[in-house]
file coords06.cif (mmCIF, C-alpha atoms and all ligand atoms)
data_target
loop_
_atom_site.label_atom_id
_atom_site.label_comp_id
_atom_site.auth_asym_id
_atom_site.auth_seq_id
_atom_site.Cartn_x
_atom_site.Cartn_y
_atom_site.Cartn_z
CA MET G 1 212.54 -26.08 -2.58
CA SER G 2 210.29 -23.08 -2.88
CA SER G 3 210.14 -19.39 -2.04
CA ARG G 4 208.78 -20.27 1.42
CA THR G 5 211.39 -19.65 4.14
CA PRO G 6 212.51 -23.10 5.30
CA LEU G 7 211.98 -23.97 8.95
CA MET G 8 214.61 -26.17 10.53
CA ALA G 9 213.38 -27.30 13.94
CA GLY G 10 215.07 -29.53 16.47
CA ASN G 11 212.70 -31.72 18.48
CA TRP G 12 214.80 -32.67 21.48
CA LYS G 13 212.17 -35.10 22.76
CA MET G 14 212.95 -36.13 26.37
CA ASN G 15 216.62 -35.14 26.22
CA LEU G 16 218.78 -32.35 27.70
CA ASN G 17 218.03 -30.89 31.13
CA HIS G 18 217.82 -27.12 31.59
CA LEU G 19 221.56 -26.71 32.14
CA GLU G 20 222.38 -28.79 29.10
CA ALA G 21 219.77 -26.79 27.17
CA ILE G 22 221.56 -23.52 27.94
CA ALA G 23 224.91 -24.93 26.84
CA HIS G 24 223.36 -26.34 23.67
CA VAL G 25 221.56 -23.13 22.65
CA GLN G 26 224.70 -21.10 23.39
CA LYS G 27 226.63 -23.40 21.08
CA LEU G 28 224.04 -22.98 18.32
CA ALA G 29 223.99 -19.21 18.80
CA PHE G 30 227.77 -19.03 18.59
CA ALA G 31 227.88 -21.09 15.39
CA LEU G 32 224.95 -19.52 13.54
CA ALA G 33 225.48 -16.24 11.72
CA ASP G 34 223.03 -13.62 10.42
CA LYS G 35 223.16 -15.14 6.96
CA ASP G 36 221.96 -18.46 8.36
CA TYR G 37 218.87 -16.82 9.86
CA GLU G 38 218.26 -14.95 6.60
CA ALA G 39 218.24 -18.24 4.70
CA CYS G 40 216.32 -20.29 7.23
CA GLU G 41 214.19 -20.02 10.32
CA VAL G 42 215.79 -21.99 13.14
CA ALA G 43 213.85 -23.35 16.11
CA VAL G 44 214.32 -25.73 19.01
CA LEU G 45 211.61 -27.65 20.85
CA PRO G 46 213.06 -28.49 24.29
CA PRO G 47 211.29 -30.30 27.12
CA PHE G 48 208.91 -28.09 29.17
CA THR G 49 211.38 -27.88 32.06
CA ASP G 50 213.95 -26.17 29.80
CA LEU G 51 211.72 -23.50 28.33
CA ARG G 52 212.23 -20.83 30.98
CA SER G 53 216.01 -21.17 30.73
CA VAL G 54 215.90 -21.03 26.93
CA GLN G 55 213.64 -17.97 27.07
CA THR G 56 216.00 -16.17 29.46
CA LEU G 57 218.95 -16.86 27.19
CA VAL G 58 217.16 -15.92 23.96
CA ASP G 59 215.75 -12.71 25.48
CA GLY G 60 218.93 -11.73 27.30
CA ASP G 61 221.24 -12.23 24.34
CA LYS G 62 218.65 -11.19 21.72
CA LEU G 63 219.13 -14.46 19.84
CA LYS G 64 217.32 -15.03 16.57
CA ILE G 65 216.68 -18.65 17.36
CA LYS G 66 213.02 -19.47 18.01
CA TYR G 67 211.70 -22.02 20.44
CA GLY G 68 208.59 -23.86 21.37
CA ALA G 69 207.12 -26.80 23.24
CA GLN G 70 206.61 -30.43 22.28
CA ASP G 71 202.99 -30.58 23.42
CA ILE G 72 200.15 -28.44 24.78
CA SER G 73 197.05 -29.14 26.82
CA ALA G 74 193.70 -28.91 25.09
CA HIS G 75 192.47 -27.17 28.28
CA ASP G 76 193.10 -23.58 29.36
CA SER G 77 193.56 -24.13 33.10
CA GLY G 78 192.25 -26.12 36.03
CA ALA G 79 192.37 -29.61 37.46
CA TYR G 80 194.45 -31.33 34.77
CA THR G 81 197.41 -32.72 36.68
CA GLY G 82 200.59 -32.82 34.67
CA GLU G 83 199.32 -30.71 31.79
CA ILE G 84 200.76 -27.43 30.48
CA SER G 85 198.44 -24.82 29.02
CA GLY G 86 198.80 -22.66 25.96
CA ALA G 87 198.66 -19.58 28.20
CA MET G 88 201.71 -20.84 30.10
CA LEU G 89 203.61 -21.42 26.86
CA ALA G 90 202.61 -18.01 25.52
CA LYS G 91 203.84 -16.41 28.76
CA LEU G 92 207.23 -18.01 28.06
CA LYS G 93 207.12 -16.42 24.59
CA CYS G 94 207.09 -19.73 22.77
CA THR G 95 206.58 -19.34 19.04
CA TYR G 96 205.83 -22.97 18.18
CA VAL G 97 204.23 -26.02 19.68
CA ALA G 98 204.46 -29.52 18.21
CA ILE G 99 201.07 -31.22 18.18
CA GLY G 100 200.20 -34.82 17.43
CA HIS G 101 203.73 -36.17 17.30
CA SER G 102 203.59 -39.89 16.50
CA GLU G 103 205.12 -40.67 19.90
CA ARG G 104 202.20 -38.91 21.58
CA ARG G 105 199.70 -40.61 19.30
CA GLN G 106 201.34 -43.98 19.97
CA TYR G 107 202.24 -43.84 23.69
CA HIS G 108 199.57 -41.43 24.92
CA ASN G 109 196.71 -42.53 22.68
CA GLU G 110 196.21 -39.10 21.17
CA THR G 111 193.37 -39.20 18.68
CA ASP G 112 192.68 -36.88 15.75
CA GLU G 113 189.95 -35.34 17.89
CA LEU G 114 192.38 -34.47 20.68
CA VAL G 115 194.94 -33.23 18.17
CA ASN G 116 192.25 -30.97 16.71
CA ALA G 117 191.45 -29.59 20.18
CA LYS G 118 195.15 -28.94 20.80
CA VAL G 119 195.53 -27.13 17.46
CA LYS G 120 192.64 -24.87 18.47
CA ALA G 121 194.19 -24.32 21.92
CA ALA G 122 197.48 -23.30 20.30
CA TYR G 123 195.79 -20.71 18.08
CA LYS G 124 193.72 -19.43 20.97
CA HIS G 125 196.94 -18.54 22.76
CA GLY G 126 198.82 -17.16 19.77
CA LEU G 127 201.11 -20.16 19.27
CA THR G 128 201.94 -21.66 15.88
CA PRO G 129 201.25 -25.39 15.71
CA ILE G 130 203.73 -27.75 14.11
CA LEU G 131 201.19 -30.43 13.29
CA CYS G 132 202.82 -33.85 13.00
CA VAL G 133 201.33 -36.47 10.71
CA GLY G 134 202.57 -39.66 9.09
CA GLU G 135 201.93 -43.33 8.61
CA GLY G 136 203.30 -46.47 10.23
CA LEU G 137 205.06 -49.28 8.44
CA ASP G 138 201.97 -51.46 7.85
CA ILE G 139 200.16 -48.61 6.16
CA ARG G 140 203.18 -47.79 4.03
CA LYS G 141 203.52 -51.45 3.01
CA ALA G 142 199.88 -51.48 1.98
CA GLY G 143 200.49 -48.35 -0.11
CA ASN G 144 197.99 -46.27 1.87
CA GLN G 145 200.37 -43.57 3.13
CA VAL G 146 198.71 -40.70 1.29
CA SER G 147 195.10 -41.40 2.29
CA TYR G 148 196.10 -42.18 5.89
CA THR G 149 198.14 -38.99 6.29
CA LEU G 150 195.52 -36.79 4.62
CA ALA G 151 192.88 -38.14 7.01
CA GLN G 152 195.12 -36.99 9.89
CA VAL G 153 195.36 -33.54 8.29
CA ASP G 154 191.56 -33.39 7.87
CA GLY G 155 191.04 -34.41 11.49
CA ALA G 156 193.51 -31.90 12.90
CA LEU G 157 192.11 -28.98 10.89
CA LYS G 158 188.41 -29.65 11.48
CA ASP G 159 186.67 -26.28 12.00
CA VAL G 160 189.99 -24.38 11.97
CA PRO G 161 189.38 -21.19 9.97
CA ALA G 162 191.65 -20.10 7.13
CA GLU G 163 192.95 -17.05 9.06
CA GLN G 164 194.46 -19.50 11.53
CA ALA G 165 195.34 -22.39 9.23
CA GLU G 166 197.42 -20.18 6.95
CA SER G 167 200.18 -20.00 9.58
CA ILE G 168 200.28 -23.72 10.42
CA VAL G 169 203.41 -25.79 9.89
CA ILE G 170 202.81 -29.42 8.99
CA ALA G 171 205.53 -32.00 9.61
CA TYR G 172 205.25 -35.19 7.60
CA GLU G 173 206.99 -37.80 9.70
CA PRO G 174 206.59 -41.39 8.53
CA VAL G 175 206.70 -43.38 11.75
CA TRP G 176 208.89 -46.10 10.24
CA ALA G 177 211.59 -43.49 9.53
CA ILE G 178 211.71 -41.99 13.06
CA GLY G 179 214.80 -42.87 15.06
CA THR G 180 215.41 -45.89 12.87
CA GLY G 181 218.06 -44.57 10.51
CA GLU G 182 215.58 -45.51 7.79
CA VAL G 183 215.06 -42.32 5.76
CA ALA G 184 212.20 -41.89 3.34
CA THR G 185 213.57 -41.28 -0.13
CA PRO G 186 213.24 -37.69 -1.35
CA GLU G 187 210.52 -38.98 -3.70
CA ASP G 188 208.62 -40.61 -0.78
CA ALA G 189 208.78 -37.31 1.12
CA GLN G 190 207.64 -35.32 -1.92
CA GLU G 191 204.74 -37.68 -2.64
CA VAL G 192 203.11 -37.11 0.74
CA CYS G 193 204.17 -33.48 1.25
CA GLY G 194 202.78 -32.64 -2.19
CA ALA G 195 199.53 -34.43 -1.35
CA ILE G 196 199.27 -32.49 1.92
CA ARG G 197 199.61 -29.22 0.02
CA GLY G 198 196.95 -30.40 -2.42
CA ARG G 199 194.61 -31.17 0.46
CA LEU G 200 195.18 -27.70 1.97
CA ALA G 201 194.19 -26.22 -1.39
CA GLU G 202 190.99 -28.31 -1.33
CA LEU G 203 190.17 -27.47 2.29
CA TYR G 204 191.00 -23.77 1.98
CA SER G 205 192.55 -22.28 -1.16
CA GLN G 206 195.58 -22.64 -3.40
CA GLU G 207 196.84 -19.32 -2.07
CA LEU G 208 196.74 -20.61 1.51
CA ALA G 209 198.29 -23.94 0.51
CA ASP G 210 201.18 -22.13 -1.19
CA LYS G 211 201.95 -20.25 2.04
CA VAL G 212 202.05 -23.21 4.42
CA ARG G 213 205.39 -24.76 5.26
CA ILE G 214 205.52 -28.53 5.15
CA GLN G 215 208.46 -30.20 6.83
CA TYR G 216 209.83 -33.71 6.51
CA GLY G 217 210.97 -35.55 9.63
CA GLY G 218 212.53 -38.96 10.16
CA SER G 219 216.25 -39.68 10.48
CA VAL G 220 217.24 -36.34 8.91
CA LYS G 221 220.98 -35.73 9.08
CA ALA G 222 223.50 -33.40 7.47
CA GLY G 223 224.22 -36.12 4.92
CA ASN G 224 220.66 -36.51 3.61
CA VAL G 225 219.03 -33.12 4.21
CA ALA G 226 219.99 -31.48 0.91
CA ALA G 227 218.31 -34.11 -1.26
CA ILE G 228 215.13 -33.92 0.81
CA MET G 229 215.10 -30.11 0.76
CA ALA G 230 215.47 -30.19 -3.03
CA GLN G 231 211.88 -31.44 -3.30
CA PRO G 232 209.38 -28.74 -4.32
CA ASP G 233 206.93 -29.31 -1.47
CA VAL G 234 209.44 -29.81 1.37
CA ASP G 235 210.02 -26.57 3.27
CA GLY G 236 212.09 -27.70 6.19
CA ALA G 237 212.90 -30.53 8.54
CA LEU G 238 211.79 -31.62 11.99
CA VAL G 239 214.92 -33.20 13.35
CA GLY G 240 215.10 -35.56 16.32
CA GLY G 241 218.34 -37.37 17.16
CA ALA G 242 220.61 -35.27 14.95
CA ALA G 243 219.37 -32.07 16.62
CA LEU G 244 220.97 -33.13 19.91
CA ASP G 245 224.40 -32.60 18.35
CA ALA G 246 224.80 -28.84 17.89
CA ASP G 247 227.43 -29.15 15.15
CA GLU G 248 225.26 -31.56 13.18
CA PHE G 249 222.17 -29.36 13.58
CA VAL G 250 224.11 -26.33 12.32
CA LYS G 251 225.08 -28.36 9.24
CA ILE G 252 221.41 -29.23 8.71
CA VAL G 253 220.50 -25.54 8.92
CA ARG G 254 223.21 -24.97 6.26
CA PHE G 255 221.71 -27.65 4.04
CA ARG G 256 222.55 -25.65 0.94
CA ASP G 257 226.27 -26.23 1.67
CA GLN G 258 225.97 -30.01 2.12
O1 LIG W 301 210.47 -37.61 15.41
C1 LIG W 301 211.28 -36.89 14.85
C2 LIG W 301 211.23 -35.43 14.98
O2 LIG W 301 210.03 -35.02 15.55
C3 LIG W 301 212.38 -37.48 14.04
O3 LIG W 301 213.27 -38.11 14.88
P1 LIG W 301 214.67 -38.64 14.30
O4 LIG W 301 215.27 -37.48 13.54
O5 LIG W 301 215.47 -39.03 15.50
O6 LIG W 301 214.36 -39.78 13.40
#
call {"tool": "encode", "arguments": {"input": "coords06.cif", "output": "C-alpha cells"}}
result
Amino acid sequence: MSSRTPLMAGNWKMNLNHLEAIAHVQKLAFALADKDYEACEVAVLPPFTDLRSVQTLVDGDKLKIKYGAQDISAHDSGAYTGEISGAMLAKLKCTYVAIGHSERRQYHNETDELVNAKVKAAYKHGLTPILCVGEGLDIRKAGNQVSYTLAQVDGALKDVPAEQAESIVIAYEPVWAIGTGEVATPEDAQEVCGAIRGRLAELYSQELADKVRIQYGGSVKAGNVAAIMAQPDVDGALVGGAALDADEFVKIVRFRDQ
C-alpha cells in the first residue's frame, strides 16, 4: 500500500431499492467512525433510483460517506430514452461514476469508444470516473491480461488531458474473478495494477501516475482484502457482493484490522 488514500467503494449493482438503501447507509454511518474516514475514503454506488434518497440522507446527517452512480450517458440531454446524464448526477451531488464495468461491456456491448465518451462526459460535469478494466478468462489463460487491460486504459483515456486524468480512479476487475468467489492472488492484482500505473506514466507523467488510485475488484471480502491491499500498486477495492452486507463492508473498510 502507498501514501495514496485508499478508496473502498461498494458497487451495489442492481440490488437494494431506495428504502433498503437508506437503511443500509444508516447502518454504515452508525458503524463507521471518524478514524475510519481518516484512514480511507468510503463510497457507495447505488442504483440510479436510490441516489436521491442517499443524497438526502448524506446531506441531512452530514455523513462523510461519498456516493456515485454505476453508469452515465455519453450525451448531455435529449432524446435518449432510459439514459441518465452527467448533469443529472452532478445535481444529485454524486462524487463518482463507474464507467465501463465489465457487466456493461458484456451485456450492453459497451466499446472502448463509448467508454471514452462516457469518461469525457463525467469530467464535463465534474464527476470523478471509476474506470473499470480487466480481462476475461480466455485472455488470462493465454497470458495476455496485461496487454488486454492496458489497451482498455488507452481507449478510455484517448484525448483526456492530464488535468482531468490525474483525478481518475481505475478499477482492475478481472472478469473471471467477479461474483465467482475466485479471487485473483495478490500477485495477480499487483501485476496488472502495476502495469496500469506504468502506462499512466507513459501516457502522462510519473507524477500523475503516482497520484492515481488503482483499485482491485473481484470477490473481495473481509478475509482477503488485507493481502490485496498490501500490494504497492493497489489503492482500494471495488466491492460487489460483499458490499451488500453492511457489517462485511465495514470490515473491508477496516482492512488494516483484518
Ligand atoms: O464487479 C465487482 C465490483 O464492481 C466485483 O463484484 P464481486 O465483489 O461480487 O465479485
call {"tool": "residues_near_ligand", "arguments": {"input": "coords06.cif", "ligand": "ligand LIG 301 (chain W)", "cutoff": "9 Å", "atoms": "only C-alpha atoms and all ligand atoms", "output": "ChimeraX atom specification"}}
result
/G:9-13,70,98,101-103,132,171,173-183,216-221,237-243
call {"tool": "closest_atom_pairs", "arguments": {"input": "coords06.cif", "of": "region 46-75 of chain G", "to": "region 84-95 of chain G", "cutoff": "9 Å", "atoms": "all atoms listed in the file", "output": "JSON lines"}}
result
{"residue": "G:Phe48", "atom": "CA", "partner": "G:Ile84", "partner_atom": "CA", "distance": 8.3}
{"residue": "G:Leu51", "atom": "CA", "partner": "G:Leu92", "partner_atom": "CA", "distance": 7.1}
{"residue": "G:Arg52", "atom": "CA", "partner": "G:Leu92", "partner_atom": "CA", "distance": 6.4}
{"residue": "G:Gln55", "atom": "CA", "partner": "G:Leu92", "partner_atom": "CA", "distance": 6.5}
{"residue": "G:Lys66", "atom": "CA", "partner": "G:Thr95", "partner_atom": "CA", "distance": 6.5}
{"residue": "G:Tyr67", "atom": "CA", "partner": "G:Cys94", "partner_atom": "CA", "distance": 5.7}
{"residue": "G:Gly68", "atom": "CA", "partner": "G:Cys94", "partner_atom": "CA", "distance": 4.6}
{"residue": "G:Ala69", "atom": "CA", "partner": "G:Cys94", "partner_atom": "CA", "distance": 7.1}
{"residue": "G:Asp71", "atom": "CA", "partner": "G:Ile84", "partner_atom": "CA", "distance": 8.0}
{"residue": "G:Ile72", "atom": "CA", "partner": "G:Ile84", "partner_atom": "CA", "distance": 5.8}
{"residue": "G:Ser73", "atom": "CA", "partner": "G:Ser85", "partner_atom": "CA", "distance": 5.0}
{"residue": "G:Ala74", "atom": "CA", "partner": "G:Ser85", "partner_atom": "CA", "distance": 7.4}
{"residue": "G:His75", "atom": "CA", "partner": "G:Ser85", "partner_atom": "CA", "distance": 6.5}
call {"tool": "closest_residue", "arguments": {"input": "coords06.cif", "among": "G:Leu57, G:Ala201, G:Leu32, G:Met8", "to": "Gly236 (chain G)", "atoms": "all atoms listed in the file"}}
result
G:Met8
call {"tool": "residues_around", "arguments": {"input": "coords06.cif", "residues": "Ser205 (chain G)", "least_positions_apart": "5", "cutoff": "9 Å", "atoms": "only C-alpha atoms", "output": "PyMOL selection string"}}
result
chain G and resi 162+200+210
call {"tool": "atom_distance", "arguments": {"input": "coords06.cif", "atom1": "CA of Val146 (chain G)", "atom2": "CA of Val192 (chain G)"}}
result
5.7 Å
call {"tool": "closest_residue", "arguments": {"input": "coords06.cif", "among": "G:Ala165, G:Leu45, G:Ile196, G:Leu137", "to": "Val153 (chain G)", "atoms": "only C-alpha atoms"}}
result
G:Ile196
call {"tool": "residues_around", "arguments": {"input": "coords06.cif", "residues": "Glu187 (chain G)", "least_positions_apart": "2", "cutoff": "12 Å", "atoms": "all atoms listed in the file", "output": "PyMOL selection string"}}
result
chain G and resi 183-185+189-194+216+227-234
call {"tool": "closest_residue", "arguments": {"input": "coords06.cif", "among": "G:Ala33, G:Ala156, G:Gln206, G:Val225", "to": "Gln258 (chain G)", "atoms": "only C-alpha atoms"}}
result
G:Val225
call {"tool": "atom_distance", "arguments": {"input": "coords06.cif", "atom1": "CA of Asp154 (chain G)", "atom2": "CA of Val133 (chain G)"}}
result
10.6 Å
call {"tool": "residues_around", "arguments": {"input": "coords06.cif", "residues": "Thr49 (chain G)", "least_positions_apart": "4", "cutoff": "10 Å", "atoms": "all atoms listed in the file", "output": "PyMOL selection string"}}
result
chain G and resi 16-18+21+53-54+69
call {"tool": "atom_distance", "arguments": {"input": "coords06.cif", "atom1": "CA of Leu19 (chain G)", "atom2": "CA of Leu244 (chain G)"}}
result
13.8 Å
call {"tool": "closest_residue", "arguments": {"input": "coords06.cif", "among": "G:Asp59, G:Leu150, G:Ala142, G:Tyr96", "to": "Glu202 (chain G)", "atoms": "all atoms listed in the file"}}
result
G:Leu150
